[in-house]
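Structure file final.cif; described as mmCIF, C-alpha atoms.
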data_query
#
loop_
_atom_site.label_atom_id
_atom_site.label_comp_id
_atom_site.auth_asym_id
_atom_site.auth_seq_id
_atom_site.Cartn_x
_atom_site.Cartn_y
_atom_site.Cartn_z
CA MET C 336 0.00 0.00 0.00
CA HIS C 337 2.78 2.35 0.87
CA THR C 338 4.49 1.79 -2.49
CA LEU C 339 1.23 2.27 -4.40
CA ARG C 340 0.57 5.64 -2.71
CA LEU C 341 4.04 6.83 -3.71
CA ASN C 342 3.43 5.86 -7.34
CA ARG C 343 0.07 7.64 -7.45
CA THR C 344 1.67 10.69 -5.87
CA ALA C 345 4.42 10.61 -8.42
CA GLN C 346 1.87 10.27 -11.20
CA ILE C 347 -0.06 13.27 -9.92
CA ILE C 348 3.14 15.32 -9.72
CA VAL C 349 4.10 14.35 -13.27
CA VAL C 350 0.65 15.29 -14.58
CA LEU C 351 0.83 18.65 -12.83
CA LEU C 352 4.30 19.34 -14.18
CA ILE C 353 3.28 18.44 -17.74
CA THR C 354 0.19 20.63 -17.50
CA ALA C 355 2.22 23.56 -16.17
CA PHE C 356 4.79 23.10 -18.92
CA VAL C 357 2.15 23.01 -21.67
CA TRP C 358 0.36 26.12 -20.39
CA GLY C 359 3.73 27.84 -19.92
CA CYS C 360 4.66 27.12 -23.52
CA LYS C 361 1.29 28.36 -24.74
CA SER C 362 1.69 31.50 -22.64
CA LYS C 363 5.20 32.12 -23.98
CA GLU C 364 4.01 31.50 -27.54
CA SER C 365 1.15 33.94 -26.96
CA ASP C 366 3.53 36.59 -25.55
CA LYS C 367 5.92 36.02 -28.44
CA GLU C 368 3.10 36.38 -30.96
CA LYS C 369 2.11 39.68 -29.33
CA ALA C 370 5.71 40.89 -29.32
CA LEU C 371 6.16 40.03 -32.99
CA VAL C 372 3.12 41.88 -34.25
CA ILE C 373 4.23 44.09 -37.16
CA PRO C 374 2.30 47.34 -37.59
CA PRO C 375 1.33 48.65 -41.06
CA LEU C 376 4.58 49.77 -42.68
CA ASN C 377 5.19 52.45 -45.26
CA ALA C 378 6.99 51.45 -48.44
CA GLU C 379 10.19 53.16 -47.26
CA VAL C 380 10.57 50.58 -44.45
CA VAL C 381 12.32 47.69 -46.18
CA GLU C 382 13.25 45.69 -43.08
CA TYR C 383 11.49 45.47 -39.73
CA ASN C 384 12.40 42.94 -37.06
CA PRO C 385 10.05 43.38 -34.08
CA ALA C 386 12.14 41.04 -31.93
CA THR C 387 15.19 43.33 -32.01
CA ILE C 388 13.92 46.77 -33.01
CA ASP C 389 14.11 49.78 -30.68
CA ASP C 390 10.61 51.22 -30.92
CA ASN C 391 11.65 54.86 -30.71
CA TYR C 392 11.60 57.88 -32.99
CA VAL C 393 14.24 59.01 -35.46
CA PHE C 394 14.88 62.73 -35.85
CA ALA C 395 15.81 62.78 -39.53
CA VAL C 396 17.76 65.74 -40.92
CA GLU C 397 17.75 66.24 -44.67
CA GLY C 398 21.16 66.86 -46.21
CA GLY C 399 21.07 70.44 -47.45
CA GLY C 400 17.28 70.27 -47.64
CA GLN C 401 14.54 72.38 -46.16
CA ALA C 402 13.02 69.96 -43.69
CA ALA C 403 13.63 67.83 -40.62
CA TYR C 404 11.10 65.44 -39.15
CA LEU C 405 10.38 62.72 -36.64
CA LEU C 406 9.92 59.26 -38.08
CA ASP C 407 8.37 56.36 -36.25
CA LYS C 408 9.57 52.87 -37.09
CA SER C 409 6.59 52.32 -39.37
CA GLY C 410 8.00 55.10 -41.54
CA ASN C 411 5.40 57.72 -40.63
CA LYS C 412 6.32 61.37 -40.21
CA VAL C 413 4.81 62.17 -36.82
CA HIS C 414 6.07 65.77 -36.76
CA GLU C 415 7.78 67.95 -39.33
CA TRP C 416 9.68 71.24 -39.36
CA ARG C 417 9.84 73.19 -42.62
CA PHE C 418 12.51 75.83 -43.27
CA ASP C 419 12.59 78.76 -45.68
CA LEU C 420 16.38 78.41 -46.00
CA LYS C 421 18.32 75.30 -46.99
CA LEU C 422 20.16 73.51 -44.21
CA GLY C 423 23.88 74.13 -44.03
CA ASN C 424 23.82 70.70 -42.63
CA ASP C 425 23.08 70.04 -38.97
CA ALA C 426 19.85 70.45 -37.05
CA GLN C 427 19.32 69.28 -33.49
CA LEU C 428 16.09 68.59 -31.64
CA LEU C 429 16.19 70.27 -28.23
CA PRO C 430 14.31 69.23 -25.03
CA THR C 431 11.94 72.17 -25.62
CA GLY C 432 10.74 70.68 -28.92
CA GLN C 433 12.58 73.42 -30.79
CA VAL C 434 15.20 72.78 -33.45
CA LEU C 435 18.63 74.40 -33.53
CA GLY C 436 19.71 74.51 -37.16
CA ILE C 437 22.51 75.92 -39.26
CA PHE C 438 21.37 77.30 -42.64
CA LYS C 439 22.75 78.47 -45.95
CA SER C 440 22.88 82.26 -46.25
CA GLU C 441 21.61 83.50 -49.60
CA THR C 442 24.42 86.08 -49.64
CA ALA C 443 27.32 83.82 -48.61
CA THR C 444 30.50 84.30 -50.63
CA ILE C 445 32.39 81.31 -49.18
CA LYS C 446 30.77 78.16 -50.53
CA PHE C 447 32.72 74.96 -49.94
CA GLY C 448 30.90 71.71 -50.60
CA GLY C 449 27.44 71.23 -49.17
CA GLY C 450 28.21 72.42 -45.66
CA TYR C 451 28.46 76.17 -46.06
CA ALA C 452 26.02 78.16 -43.93
CA GLY C 453 26.22 81.64 -42.40
CA VAL C 454 22.92 81.62 -40.50
CA ILE C 455 22.07 79.82 -37.25
CA ARG C 456 18.47 79.71 -36.09
CA LEU C 457 16.32 78.42 -33.27
CA ILE C 458 13.12 77.08 -34.84
CA ASN C 459 9.87 76.56 -32.91
CA ALA C 460 7.71 73.44 -33.20
CA ASP C 461 5.43 75.28 -35.64
CA SER C 462 8.48 76.09 -37.84
CA SER C 463 8.52 79.78 -36.90
CA VAL C 464 11.90 81.41 -36.22
CA GLU C 465 12.51 82.16 -32.53
CA TRP C 466 16.11 83.44 -32.75
CA GLU C 467 18.77 84.05 -35.39
CA TYR C 468 22.51 84.62 -35.48
CA VAL C 469 24.33 85.55 -38.68
CA TYR C 470 28.05 84.88 -39.06
CA GLU C 471 29.23 85.55 -42.58
CA SER C 472 31.49 87.86 -44.58
CA PRO C 473 34.09 87.46 -47.34
CA GLU C 474 36.56 86.74 -44.51
CA TYR C 475 34.65 84.08 -42.52
CA LEU C 476 31.59 81.83 -42.54
CA SER C 477 29.87 79.48 -40.11
CA HIS C 478 29.41 75.96 -41.48
CA HIS C 479 28.24 72.39 -40.95
CA ASP C 480 27.58 72.11 -37.21
CA ALA C 481 26.37 74.09 -34.20
CA GLU C 482 25.43 73.07 -30.64
CA LEU C 483 23.94 74.57 -27.52
CA LEU C 484 26.24 74.15 -24.53
CA PRO C 485 24.92 73.31 -21.05
CA ASN C 486 25.58 76.94 -20.04
CA GLY C 487 23.12 78.07 -22.71
CA ASN C 488 25.75 79.43 -25.10
CA LEU C 489 25.99 78.60 -28.78
CA ILE C 490 29.12 76.99 -30.19
CA PHE C 491 29.81 76.40 -33.88
CA LEU C 492 32.38 75.74 -36.60
CA ALA C 493 33.58 78.46 -38.98
CA TRP C 494 36.04 78.96 -41.80
CA GLU C 495 38.39 81.93 -41.66
CA LYS C 496 40.34 83.35 -44.58
CA ILE C 497 44.14 83.41 -44.41
CA PRO C 498 45.42 85.55 -47.31
CA VAL C 499 48.08 83.99 -49.51
CA GLU C 500 50.75 86.46 -48.33
CA THR C 501 50.08 85.65 -44.67
CA GLY C 502 50.06 81.94 -45.40
CA GLN C 503 53.30 81.92 -47.34
CA ALA C 504 55.02 83.99 -44.65
CA ALA C 505 54.09 81.25 -42.15
CA GLY C 506 55.28 78.42 -44.39
CA VAL C 507 52.11 77.45 -46.24
CA ASN C 508 53.29 75.86 -49.48
CA ALA C 509 50.53 77.37 -51.64
CA ASP C 510 49.99 80.34 -53.92
CA TYR C 511 46.34 80.90 -52.96
CA ASP C 512 44.25 81.90 -49.94
CA ILE C 513 43.38 79.15 -47.48
CA TYR C 514 40.42 78.75 -45.12
CA PRO C 515 41.36 76.79 -41.99
CA GLU C 516 38.96 76.09 -39.12
CA LYS C 517 37.99 78.07 -36.09
CA ILE C 518 35.42 77.54 -33.34
CA LEU C 519 33.38 80.30 -31.71
CA GLU C 520 31.21 80.37 -28.60
CA VAL C 521 28.48 83.02 -28.51
CA ASP C 522 26.19 84.27 -25.74
CA LEU C 523 22.62 83.80 -26.98
CA GLN C 524 21.28 86.92 -25.32
CA SER C 525 24.02 89.44 -26.13
CA LYS C 526 25.21 87.65 -29.31
CA GLU C 527 28.77 88.43 -28.23
CA VAL C 528 31.65 86.03 -28.83
CA VAL C 529 32.78 84.82 -25.39
CA TRP C 530 35.35 82.20 -26.42
CA GLU C 531 37.18 81.25 -29.60
CA TRP C 532 39.79 78.85 -30.90
CA HIS C 533 41.73 79.12 -34.16
CA SER C 534 43.48 76.20 -35.83
CA TRP C 535 45.81 78.77 -37.41
CA ASP C 536 47.32 79.42 -33.97
CA HIS C 537 48.45 75.78 -33.72
CA ILE C 538 50.16 74.92 -36.98
CA VAL C 539 53.49 73.36 -37.80
CA GLN C 540 55.28 73.11 -41.14
CA ASP C 541 58.62 71.79 -42.40
CA VAL C 542 58.87 73.85 -45.58
CA LYS C 543 60.04 77.29 -44.53
CA GLU C 544 62.82 77.61 -41.98
CA GLY C 545 63.36 80.66 -39.81
CA VAL C 546 59.72 81.24 -38.90
CA GLY C 547 57.90 80.36 -35.69
CA THR C 548 55.78 77.65 -37.30
CA TYR C 549 58.79 75.67 -38.54
CA GLY C 550 59.40 72.28 -36.96
CA ASN C 551 59.51 68.54 -37.35
CA VAL C 552 55.93 67.40 -37.94
CA ASN C 553 56.51 64.02 -36.33
CA GLU C 554 57.97 65.59 -33.20
CA ASN C 555 55.02 67.97 -32.82
CA PRO C 556 51.94 65.72 -32.73
CA ASN C 557 49.91 68.33 -30.83
CA LYS C 558 50.31 70.74 -33.75
CA ILE C 559 48.49 70.71 -37.10
CA ASN C 560 50.53 70.15 -40.25
CA ILE C 561 49.19 73.04 -42.31
CA ASN C 562 50.54 71.56 -45.54
CA TYR C 563 48.96 68.11 -45.09
CA ASN C 564 46.08 68.61 -47.52
CA LEU C 565 46.53 71.69 -49.68
CA ARG C 566 43.73 72.30 -52.19
CA LYS C 567 43.31 75.01 -54.80
CA ASP C 568 39.92 76.07 -53.42
CA GLY C 569 41.53 76.75 -50.01
CA ASP C 570 39.25 74.40 -48.05
CA ILE C 571 42.15 72.44 -46.63
CA MET C 572 40.59 70.92 -43.49
CA HIS C 573 36.80 70.77 -43.88
CA ALA C 574 35.69 70.06 -40.33
CA ASN C 575 32.13 68.75 -40.34
CA GLY C 576 31.18 67.69 -36.82
CA LEU C 577 31.39 69.23 -33.36
CA THR C 578 30.58 67.47 -30.07
CA TYR C 579 30.94 68.80 -26.52
CA ASP C 580 32.08 66.63 -23.62
CA GLN C 581 30.55 68.25 -20.53
CA THR C 582 32.28 65.94 -18.05
CA ASN C 583 35.78 66.86 -19.21
CA ASP C 584 35.06 70.23 -20.86
CA LEU C 585 36.40 69.04 -24.21
CA LEU C 586 35.47 69.50 -27.84
CA TYR C 587 35.62 66.67 -30.38
CA VAL C 588 35.91 67.83 -33.99
CA SER C 589 35.74 65.55 -37.04
CA VAL C 590 38.08 66.89 -39.74
CA ASN C 591 37.07 65.31 -43.02
CA PHE C 592 40.06 66.12 -45.20
CA TYR C 593 42.50 65.05 -42.46
CA SER C 594 40.49 61.83 -41.89
CA GLU C 595 40.74 62.20 -38.13
CA VAL C 596 39.11 63.58 -34.98
CA TRP C 597 40.70 66.40 -32.99
CA VAL C 598 40.24 66.84 -29.25
CA ILE C 599 40.43 70.43 -27.97
CA ASP C 600 40.48 71.77 -24.41
CA HIS C 601 37.48 74.05 -23.93
CA SER C 602 38.47 74.94 -20.35
CA THR C 603 40.99 77.49 -21.65
CA THR C 604 40.39 81.19 -21.88
CA THR C 605 40.43 82.71 -25.35
CA GLU C 606 43.91 84.04 -24.62
CA GLU C 607 45.15 80.61 -23.51
CA ALA C 608 43.48 78.97 -26.51
CA ALA C 609 45.80 80.97 -28.78
CA THR C 610 48.88 79.49 -27.06
CA ASN C 611 50.21 76.08 -26.04
CA GLN C 612 49.81 76.64 -22.30
CA GLY C 613 46.91 76.89 -19.87
CA GLY C 614 43.64 75.07 -19.39
CA LYS C 615 42.86 71.83 -17.60
CA TYR C 616 45.40 69.91 -19.68
CA ASN C 617 47.99 72.72 -19.76
CA LYS C 618 48.36 72.62 -23.52
CA GLY C 619 46.39 75.75 -24.28
CA GLY C 620 44.74 75.42 -27.67
CA ASP C 621 47.11 72.76 -29.00
CA LEU C 622 45.46 69.44 -29.77
CA ILE C 623 45.42 67.41 -26.58
CA TYR C 624 44.55 64.30 -28.58
CA ARG C 625 43.79 63.19 -32.13
CA PHE C 626 42.88 59.83 -33.60
CA GLY C 627 41.95 57.99 -36.77
CA ASN C 628 44.85 58.96 -39.04
CA PRO C 629 48.36 59.11 -37.55
CA GLU C 630 49.69 59.90 -41.02
CA THR C 631 48.69 63.54 -40.42
CA TYR C 632 51.68 63.89 -38.11
CA ASN C 633 53.98 61.40 -39.86
CA ASN C 634 53.50 58.70 -37.27
CA THR C 635 54.05 55.23 -38.73
CA ALA C 636 53.53 53.44 -35.41
CA GLY C 637 49.76 53.89 -35.40
CA LYS C 638 47.26 52.43 -37.88
CA LYS C 639 45.07 54.65 -40.04
CA ILE C 640 41.42 53.55 -39.78
CA PHE C 641 39.57 56.59 -41.19
CA ASP C 642 39.27 57.65 -44.81
CA HIS C 643 37.14 60.81 -44.66
CA VAL C 644 35.04 60.95 -41.56
CA HIS C 645 31.85 62.38 -40.06
CA PHE C 646 30.22 62.94 -36.69
CA PRO C 647 32.26 62.28 -33.53
CA ASN C 648 29.29 61.20 -31.40
CA LEU C 649 30.18 61.08 -27.70
CA LEU C 650 27.82 58.58 -26.07
CA GLY C 651 26.10 60.08 -23.04
CA GLU C 652 24.26 58.64 -20.07
CA GLY C 653 21.42 56.22 -20.67
CA VAL C 654 22.89 54.24 -23.57
CA PRO C 655 25.38 51.36 -23.64
CA GLY C 656 28.93 52.57 -24.23
CA THR C 657 28.69 55.79 -22.24
CA GLY C 658 31.89 57.78 -22.70
CA ASN C 659 32.85 56.07 -25.94
CA ILE C 660 32.83 57.77 -29.34
CA LEU C 661 30.89 56.64 -32.40
CA VAL C 662 32.38 57.79 -35.71
CA PHE C 663 31.16 57.23 -39.27
CA ASN C 664 34.09 56.38 -41.54
CA ASN C 665 33.06 57.23 -45.09
CA GLY C 666 35.68 54.95 -46.63
CA LEU C 667 35.90 57.11 -49.73
CA LYS C 668 38.69 55.31 -51.59
CA ALA C 669 37.51 51.79 -50.86
CA LYS C 670 33.86 52.79 -51.36
CA GLN C 671 33.06 50.92 -48.16
CA SER C 672 31.74 52.75 -45.12
CA GLU C 673 32.05 51.60 -41.51
CA VAL C 674 30.95 52.70 -38.06
CA PHE C 675 33.52 52.57 -35.29
CA GLU C 676 32.95 52.72 -31.54
CA LEU C 677 36.15 53.85 -29.85
CA LYS C 678 37.10 53.88 -26.19
CA MET C 679 38.95 57.03 -25.24
CA PRO C 680 42.17 56.56 -23.26
CA SER C 681 42.11 57.33 -19.55
CA GLU C 682 44.97 59.78 -20.16
CA PHE C 683 45.42 61.75 -23.36
CA LYS C 684 48.92 61.36 -24.75
CA LEU C 685 50.46 62.05 -28.14
CA THR C 686 53.94 60.60 -28.31
CA PRO C 687 56.08 60.61 -31.48
CA ASP C 688 56.61 57.18 -33.04
CA MET C 689 54.19 55.50 -30.64
CA ASN C 690 50.76 54.01 -31.27
CA ASN C 691 48.49 56.71 -29.86
CA GLU C 692 45.25 55.33 -31.30
CA PRO C 693 42.26 54.46 -29.09
CA GLU C 694 40.81 50.98 -28.67
CA ILE C 695 38.14 49.86 -31.15
CA VAL C 696 35.45 48.22 -28.98
CA TRP C 697 32.82 47.71 -31.71
CA SER C 698 32.43 48.25 -35.42
CA TYR C 699 29.87 47.65 -38.12
CA THR C 700 29.99 47.48 -41.87
CA ASN C 701 28.04 45.80 -44.64
CA PRO C 702 28.80 45.31 -48.35
CA GLU C 703 25.81 47.56 -49.09
CA LEU C 704 26.87 50.31 -46.67
CA SER C 705 28.79 52.88 -48.69
CA TYR C 706 28.63 56.64 -49.01
CA GLY C 707 31.61 58.96 -49.30
CA ARG C 708 29.82 62.05 -47.94
CA ILE C 709 27.78 63.20 -44.92
CA SER C 710 26.26 60.32 -42.78
CA GLY C 711 26.67 59.40 -39.09
CA ALA C 712 25.66 57.03 -36.28
CA ASP C 713 23.80 57.23 -32.98
CA ARG C 714 23.43 54.73 -30.13
CA LEU C 715 19.91 53.78 -29.06
CA SER C 716 18.78 52.99 -25.53
CA ASN C 717 18.45 49.23 -26.13
CA GLY C 718 22.04 49.05 -27.40
CA ASN C 719 21.24 49.10 -31.10
CA THR C 720 23.01 51.60 -33.33
CA LEU C 721 21.19 53.89 -35.74
CA VAL C 722 23.29 54.39 -38.87
CA CYS C 723 22.57 57.19 -41.31
CA GLU C 724 23.78 56.34 -44.82
CA GLY C 725 23.45 59.71 -46.50
CA ASP C 726 22.27 58.69 -49.96
CA TYR C 727 20.11 55.79 -48.74
CA GLY C 728 18.38 56.41 -45.44
CA PHE C 729 18.75 54.65 -42.10
CA TRP C 730 19.90 51.30 -40.75
CA GLU C 731 19.29 50.08 -37.22
CA VAL C 732 21.68 47.28 -36.26
CA THR C 733 22.06 45.23 -33.10
CA PRO C 734 25.33 44.86 -31.17
CA LYS C 735 25.78 41.56 -33.01
CA GLY C 736 25.44 43.30 -36.36
CA GLU C 737 21.94 42.00 -37.15
CA ILE C 738 19.67 44.38 -39.07
CA ALA C 739 16.65 45.36 -36.97
CA TRP C 740 15.25 48.07 -39.24
CA LYS C 741 16.00 49.74 -42.56
CA TYR C 742 14.41 52.86 -43.99
CA LYS C 743 15.08 53.65 -47.63
CA ASN C 744 14.24 57.02 -49.15
CA GLN C 745 16.27 57.86 -52.22
CA THR C 746 14.26 60.94 -53.11
CA THR C 747 16.43 62.90 -50.69
CA THR C 748 19.75 62.66 -48.86
CA TYR C 749 20.15 62.63 -45.09
CA TRP C 750 22.74 64.48 -43.08
CA ARG C 751 22.19 62.60 -39.82
CA GLY C 752 19.60 60.74 -37.79
CA TYR C 753 19.19 60.95 -34.02
CA GLY C 754 17.28 58.45 -31.85
CA PHE C 755 14.69 59.70 -29.33
CA ASN C 756 12.84 57.57 -26.81
CA GLN C 757 9.09 58.13 -26.70
CA ASP C 758 9.35 59.50 -23.15
CA ALA C 759 12.16 61.98 -23.98
CA ASP C 760 11.55 65.60 -22.98
CA ALA C 761 11.77 66.70 -26.61
CA ILE C 762 9.00 64.29 -27.58
CA LYS C 763 6.81 65.25 -24.63
CA SER C 764 7.23 68.93 -25.51
CA LEU C 765 5.76 68.32 -28.96
CA ASN C 766 2.49 66.84 -27.58
CA LEU C 767 2.31 64.33 -30.39
CA LYS C 768 -1.11 62.88 -31.21
CA ASN C 769 -1.39 59.13 -31.79
#
Would you mind writing the file's structure down as structure tokens?
Amino acid sequence: MHTLRLNRTAQIIVVLLITAFVWGCKSKESDKEKALVIPPLNAEVVEYNPATIDDNYVFAVEGGGQAAYLLDKSGNKVHEWRFDLKLGNDAQLLPTGQVLGIFKSETATIKFGGGYAGVIRLINADSSVEWEYVYESPEYLSHHDAELLPNGNLIFLAWEKIPVETGQAAGVNADYDIYPEKILEVDLQSKEVVWEWHSWDHIVQDVKEGVGTYGNVNENPNKININYNLRKDGDIMHANGLTYDQTNDLLYVSVNFYSEVWVIDHSTTTEEAATNQGGKYNKGGDLIYRFGNPETYNNTAGKKIFDHVHFPNLLGEGVPGTGNILVFNNGLKAKQSEVFELKMPSEFKLTPDMNNEPEIVWSYTNPELSYGRISGADRLSNGNTLVCEGDYGFWEVTPKGEIAWKYKNQTTTYWRGYGFNQDADAIKSLNLKN
């Protein structure tokens, strides 16, 4: 009797376990079916994987166009800003629901590539202009990228004219004017320049002896070889991206024609920024770090990984990889683009004939990913990476390189795309209707 009771008990337990397992499987299948429901998709959405997609919004910025808009992952435009001027490339969606954009002046005389501008505006959600700042003349022009700093000031890239006589006197091996980079910080209320940095103050050259800029390029890695990429049009550097690191008070600048990223100390005063002393890193306005192309300072110890480059995207709080940098390598010569995630060194050092390059912690490429201009990448909150391929549209890829979402729109080009969670302040400010 005792043995029989144990067998019946065991049978009951087995039946209960099997029942629980079956209902558990059905429940999991039901949950999976719900999770894999695909909403109605617009024709531009060519891939949609509900199991891996980050169901957020994309702030899409047309390349040189007159619009920016929020896309949902079904390909719908849920909000749009229209501009009466063409973009001079970047536009950023602010927590207020406003857009900070840099636009092409109709009277600009300096017109290099697609990134020339001259006008910076703050645009309201209804596309009206809230604020405007004009920075243009035959001697200088704002271009490509502008940001609002945490202190409320505006910071942006600009070209400045160096006349041929001035250039040659400093050792520039050219018989034409050049237009190197500078960065300006402006108070929004007073519109006064409160800080500035000039690449011209930090050059080195090995052509003309007897002048202050003369030196061994390899032995001066914190200086900029002014003769590295001379071009007849004078656009010798062509910076195209500007990112501020609030934690360390640094600026990251992508320099397309040098195929590298420069790191500049923003903690300096304007006076210190014109020298090689002062600031948190005590190098003044000299480059405290650079990466992507050690050939720019004749360093054969490091490996070149960039061939024309866009958007040094410093990953902030709330996304995997905080503190790392995403960079879009255009891969112009190979016609193969790639996104790199790079870990910045704990201490910035530039040593001659040493490998000074940062660690590559993640990268993504695809045989179909190729565009030699514009483009960029942004990290999403679930760890996926949003890739903007300028002449195609957008890719969303997982950390393993799987494609979660693709949006194809070849009626326009895209400068960049930025991911926004549905509960972000910027989205809440817009009061979107379902």
Contact residues around stretch 456-465 of chain C with all atoms listed in the file at 9 Å, ignoring same-chain residues under 6 positions, as a list in words: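 Residues near the query, excluding close chain neighbours: His414, Glu415, Trp416, Arg417, Phe418, Thr431, Gly432, Gln433, Val434, Leu435, Gly436, Ile437, Phe438, Ser764 and Leu765 of chain C.
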Residues of stretch 448-498 of chain C that approach stretch 571-575 of chain C to 8 Å or less, counting only C-alpha atoms: could you list each one with the shortest pair of atoms and its distance in Å to one decimal, rows by chain and increasing residue number, as CSV?
residue,atom,partner,partner_atom,distance
C:Gly450,CA,C:Asn575,CA,7.6
C:His478,CA,C:Asn575,CA,7.8
C:His479,CA,C:Asn575,CA,5.4
C:Asp480,CA,C:Asn575,CA,6.5
C:Leu492,CA,C:Ala574,CA,7.6
Pick from C:Gly656, C:Pro556, C:Pro680, C:Pro647, whichever lies nearest to C:Asn633 using all atoms listed in the file: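 Of C:Gly656, C:Pro556, C:Pro680, C:Pro647, the one nearest C:Asn633 is C:Pro556, counting all atoms listed in the file.
Note that atom CA of C:Trp597 and atom CA of C:Ile660 are 12.2 Å apart.
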Answer as number ranges by chain, residues within 12 Å of (47.4, 85.9, -44.5) using all atoms listed in the file: C: 474, 495-507, 509-515, 535
Length of the atom CA of C:Leu767 to atom CA of C:Lys743 vector [Å]: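 Separation of atom CA of C:Leu767 and atom CA of C:Lys743: 24.0 Å.
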Find the axis-aligned box for stretch 586-600 of chain C, covering all its listed atoms and adding 5 Å on each side, and write its centre and edge lengths in Å to one decimal as lines of an AutoDock Vina configuration file.
center_x = 39.0
center_y = 66.8
center_z = -34.8
size_x = 17.0
size_y = 19.9
size_z = 30.8
Distance of atom CA of C:Ile709 from atom CA of C:Pro385, expressed in Å to one decimal place: 28.7 Å
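Of the residues listed (C:Arg625, C:Lys439, C:Lys412, C:Arg714), C:Arg625 shows the shortest atom-to-atom separation from C:Glu595; distances use only C-alpha atoms.
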Residues returned when the PyMOL selection byres ((chain C and resi 672-679) around 6) runs on this file, as a list in words: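 Taken on the displayed file, the PyMOL selection byres ((chain C and resi 672-679) around 6) yields the residues Asn659, Ile660, Leu661, Val662, Phe663, Asn664, Asn665, Gly666, Gln671, Pro680, Pro693, Glu694, Ile695, Val696, Trp697, Ser698, Tyr699, Thr700, Leu704 and Ser705 of chain C.
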Selected residue of minimal separation from C:Thr604 among C:Lys763, C:Lys618, C:His645, C:Arg708, counting only C-alpha atoms: C:Lys618
Proximity to C:Pro629 - best of C:Asp600, C:Asp584, C:Glu692, C:Glu606, all atoms listed in the file: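 Among the listed residues, the smallest separation from C:Pro629 belongs to C:Glu692.
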Selection near C:Thr605, 6 Å with all atoms listed in the file, sequence-local residues under 3 positions removed, as a PyMOL selection string: chain C and resi 530-531+608
Output check: residues returned by the PyMOL selection byres ((chain C and resi 542) around 8), as a ChimeraX atom specification: /C:506-508,540-541,543-544,549
Target residues per the PyMOL selection byres ((chain C and resi 690) around 8), formatted as a list of chain:residue names: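 Selected by the PyMOL selection byres ((chain C and resi 690) around 8) in this file: C:Ala636, C:Gly637, C:Lys638, C:Thr686, C:Asp688, C:Met689, C:Asn691, C:Glu692.
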Selection: 8 Å around C:Ile490, all atoms listed in the file, excl. self and same-chain fewer than 5 positions, as an MDAnalysis selection string: chainID C and resid 481:484 518:521
All residues 8 Å or closer to C:Gln401, only C-alpha atoms, same chain fewer than 4 positions away omitted, as a VMD selection string: chain C and resid 397 417 to 422
Who sits within 8 Å of C:Val454, only C-alpha atoms, same chain under 4 positions skipped, as a list in words: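 Surrounding residues, per the criterion: Ile437, Phe438, Lys439, Ser440, Glu467, Tyr468, Val469, Tyr470, Glu471 and Ser477 of chain C.
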Your completed stretch 463-471 of chain C with N, CA, C and O atoms, as a PDB file, in the frame of the given file:
ATOM      1  N   SER C 463       8.213  78.356 -36.949  1.00  0.00           N
ATOM      2  CA  SER C 463       8.520  79.780 -36.900  1.00  0.00           C
ATOM      3  C   SER C 463       9.910  79.998 -36.315  1.00  0.00           C
ATOM      4  O   SER C 463      10.428  79.160 -35.565  1.00  0.00           O
ATOM      5  N   VAL C 464      10.541  81.113 -36.673  1.00  0.00           N
ATOM      6  CA  VAL C 464      11.900  81.410 -36.220  1.00  0.00           C
ATOM      7  C   VAL C 464      11.849  82.154 -34.887  1.00  0.00           C
ATOM      8  O   VAL C 464      11.266  83.227 -34.773  1.00  0.00           O
ATOM      9  N   GLU C 465      12.482  81.574 -33.866  1.00  0.00           N
ATOM     10  CA  GLU C 465      12.510  82.160 -32.530  1.00  0.00           C
ATOM     11  C   GLU C 465      13.721  83.091 -32.365  1.00  0.00           C
ATOM     12  O   GLU C 465      13.642  84.112 -31.678  1.00  0.00           O
ATOM     13  N   TRP C 466      14.854  82.714 -32.986  1.00  0.00           N
ATOM     14  CA  TRP C 466      16.110  83.440 -32.750  1.00  0.00           C
ATOM     15  C   TRP C 466      17.019  83.207 -33.945  1.00  0.00           C
ATOM     16  O   TRP C 466      16.963  82.158 -34.585  1.00  0.00           O
ATOM     17  N   GLU C 467      17.874  84.181 -34.247  1.00  0.00           N
ATOM     18  CA  GLU C 467      18.770  84.050 -35.390  1.00  0.00           C
ATOM     19  C   GLU C 467      20.106  84.705 -35.100  1.00  0.00           C
ATOM     20  O   GLU C 467      20.175  85.747 -34.452  1.00  0.00           O
ATOM     21  N   TYR C 468      21.162  84.068 -35.591  1.00  0.00           N
ATOM     22  CA  TYR C 468      22.510  84.620 -35.480  1.00  0.00           C
ATOM     23  C   TYR C 468      23.191  84.465 -36.830  1.00  0.00           C
ATOM     24  O   TYR C 468      23.245  83.355 -37.383  1.00  0.00           O
ATOM     25  N   VAL C 469      23.689  85.552 -37.361  1.00  0.00           N
ATOM     26  CA  VAL C 469      24.330  85.550 -38.680  1.00  0.00           C
ATOM     27  C   VAL C 469      25.843  85.697 -38.500  1.00  0.00           C
ATOM     28  O   VAL C 469      26.302  86.612 -37.806  1.00  0.00           O
ATOM     29  N   TYR C 470      26.583  84.795 -39.116  1.00  0.00           N
ATOM     30  CA  TYR C 470      28.050  84.880 -39.060  1.00  0.00           C
ATOM     31  C   TYR C 470      28.582  84.611 -40.461  1.00  0.00           C
ATOM     32  O   TYR C 470      28.844  83.471 -40.858  1.00  0.00           O
ATOM     33  N   GLU C 471      28.719  85.671 -41.221  1.00  0.00           N
ATOM     34  CA  GLU C 471      29.230  85.550 -42.580  1.00  0.00           C
ATOM     35  C   GLU C 471      29.837  86.860 -43.049  1.00  0.00           C
ATOM     36  O   GLU C 471      29.435  87.944 -42.628  1.00  0.00           O
TER      37      GLU C 471
END
